[in-house]
Amino acid sequence: MLLAITAYPLFYNLWNSFHHVDYLAPPLGGFAGISNYSKLFSDHQFVPALRNTIGFTIVSVAVEAVIGLGLALALNKRFRGRGVVRAAVLIPWAVPTVVSAELWKTMFDPQSGFVNYILTELHLPLGHTTWLAGTWTSWTAVLVADAWRNTPFMAIMLLAGLQVIPADIYEAAKIDGASAWSTFRRLTLPLLKPALMVALIYRTLSSFMVFDVIYIMTRGGPGTSTNVLGYLNWQAFLTDFDFGYGGAVSVALVVFALIIASVYVRVFRTQEV
Amino acid sequence: MNEPHRAMHTARPHTGAAVSAGAVAAARHTASRSLASRRLRPQVVARKVGFFVLLAIFVLASLFPFYWIVITSLKTNAQLAQGTSSLLPGHITWSNYSTDLTKEDFVRPLVNSAIVSLAATVITVVLASLAGYAMSRTKIRGKPLIFGFVLIAAFFPIMAMVGPLFIVYRHIGLLNSYPGLTIACLIYTMPLATWLLTSYFSQIPVALEEAAIVDGATRLQALRKIIMPVALPGVFTVTILSFILVWNDFTFALSFMETPSKFTAPLAIVNLGQSQYQVFYNLIDAAVVIISVPIALIVIFAQRRIVSGLTAGAVK
């Protein structure tokens with residue numbers, strides 16, 4: 001059944017992508033050759049969306065990995081109330097995307113938001129920004145919302161990796177007089193590699209497919225400045241009802257996902273040697 | 001909160017045998033430090049304080065935005081239009097909640113969300129138990145292949161399924177229906193659930209159910225009466241994670257549910273509080289608070305199980 005659920009859409013997309021399946025422009029079903037694919041490179045939508053998606057993925061994954069690692073290291077220490085802290089930081093991950101997106105829309109709202117209020121109170125610049133009206137400010141808001149929701153996930157995955165590292169290794173390092181930084185770099189990071197790889201692959205792929213936070217916060221706007229492949233694909237399917245072109249975008253998404261996964265696996269494998 | 005920890009560090013090492021593991025580690029820490037110099041101690045204290053400041057920042061960053069939407073949801077339209085002038089709520093009104101629940105009919109989407117989430121969770125647990133049991137007990141050829149396939153399914157772009165599913169649903173009349181959305185949501189839950197239950201079941205000794213089968217139980221009876229009770233914590237984890245994943249769905253509901261009476265809660269929120277001239281964040285945030293509460297409660301009470309479920313895959 002799983003086979004049916006995943007393989008069938010893939011081949012259906014492939015079939016559609018080589019045919020005319022535009023419900024708003026019949027006739028349907030004629031062979032289209034590669035016209036849907038050539039449209040990807042000629043329609044001035046796909047390439048900018050691809051560029052945006054890559055930029056968004058790199059920045060969001062980098063931010064989440066760094067903060068997530070810090071959070072994981074902190075949660076790996078023993079202290080009173082660790083369970084409470086863990087629950088507190090886990091809640092942003094567990095709530096729906098619609099919550100994180102609407103929440104940060106409120107926070108960044110010029111009138112009812114917290115961000116402009118605190119910037120003004122502290123006499124910092126940008127206190128009168130209409131965040132979702134500009135390209136870079138929109139990206140900032142989207143990235144904050146995305147990082148807020150997904151950093152806990154990264155942290156929990158890395159925490160799992162930290163917890164399987166035996167404690168006596170650290171004792172040995174301490175006796176040998178290793179500094180905290182070199183312990184982290186020479187011991188923690190290499191031993192954390194398997195967990196890091198799983199977390200990074202998962203987060204990179206889901207960042208690359210980002211859709212709901214974009215839909216709710218910006219709808220790809222202003223204009224098309226925060227358009228991403230996920231949103232472009234959804235529009236092709238459900239506002240344009242062009243399943244040929246949409247199929248081509250979907251096939252492209254799958255191909256990119258495979259490339260990303262194989263690059264990660266290769267990079268981490270060669271480092272092990 | 002950090003008073004006992006500070007005390008731990010100012011205490012001399014080797015204070016006795018009856019100390020906790022944490023105290024031992026801390027004492028060892030202090031011992032190695034005091035070998036170098038006594039003057040380093042304030043530095044250790046400073047590091048400890050820095051650690052708790054860092055923790056406080058993490059907790060604040062996670063929870064402060066929730067505080068903000070709660071106070072926004074308690075504002076009147078007039079207060080909202082005036083803009084922010086204080087970190088405190090000021091005058092409190094509950095009218096946004098009652099407007100959401102009555103005039104905006106937010107109850108209907110909540111019920112829809114509950115129906116789909118519960119249905120998908122039950123189906124997931126049943127199917128994934130069967131699949132996980134089969135994967136952990138039988139030696140069929142190509143098991144690694146099936147397992148790899150489950151993994152790929154977990155990473156497969158959701159959006160690439162929306163188009164084909166939409167066309168299929170249109171043909172067989174599953175658009176705008178609970179079964180259609182429920183089936184689609186299994187895509188979120190099944191890979192993770194199968195993966196987790198397979199690993200939980202594998203840890204249960206085969207002898208346990210063999211005894212039952214010798215006594216005349218069928219395989220299904222053995223699964224239901226012997227394995228499931230033993231694997232209950234694992235099943236519980238899978239149930240919680242599945243419920244969260246489906247409750248959080250936005251993409252499928254947006255794509256397949258067409259009439260407002262069939263909208264799920266996240267979808268209804270996006271269409272709430274919009275007017276041509278103003279976005280009513282107080283109305284929106286009241287609804288956001290409402291759908292966050294069940295999830296927050298689940299996380300608070302089942303945090304340990306969620307973490308163990310999420311990390312089971314990462315460690316292997």
# chains A, B, ... in the order shown; residues from 1 in each chain; ligands from 1
>>> interface_residues(of="chain B", to="chain A", cutoff="8 Å", atoms="only C-alpha atoms", output="MDAnalysis selection string")
chainID B and resid 1 22 51 55 58:59 62:63 65:66 68:69 72 80:85 149:150 153 155:165 187 244 247:251 255 266 269:270 281 284:285 288 292 295:296 299:300 303 307 310:311 314:315
>>> select_by_dssp(residues="segment 11-242 of chain A", states="alpha helix (DSSP H)", output="PyMOL selection string")
chain A and resi 11-17+35-42+46-76+82-94+97-108+115-121+135-163+167-175+180-183+189-208+212-217+229-238
>>> atom_distance(atom1="atom CA of Val255 of chain A", atom2="atom CA of Leu14 of chain A")
11.6 Å
>>> residues_around(residues="segment 195-208 of chain B", least_positions_apart="2", cutoff="6 Å", atoms="only C-alpha atoms", output="number ranges by chain")
B: 132, 136, 192-193, 210-211
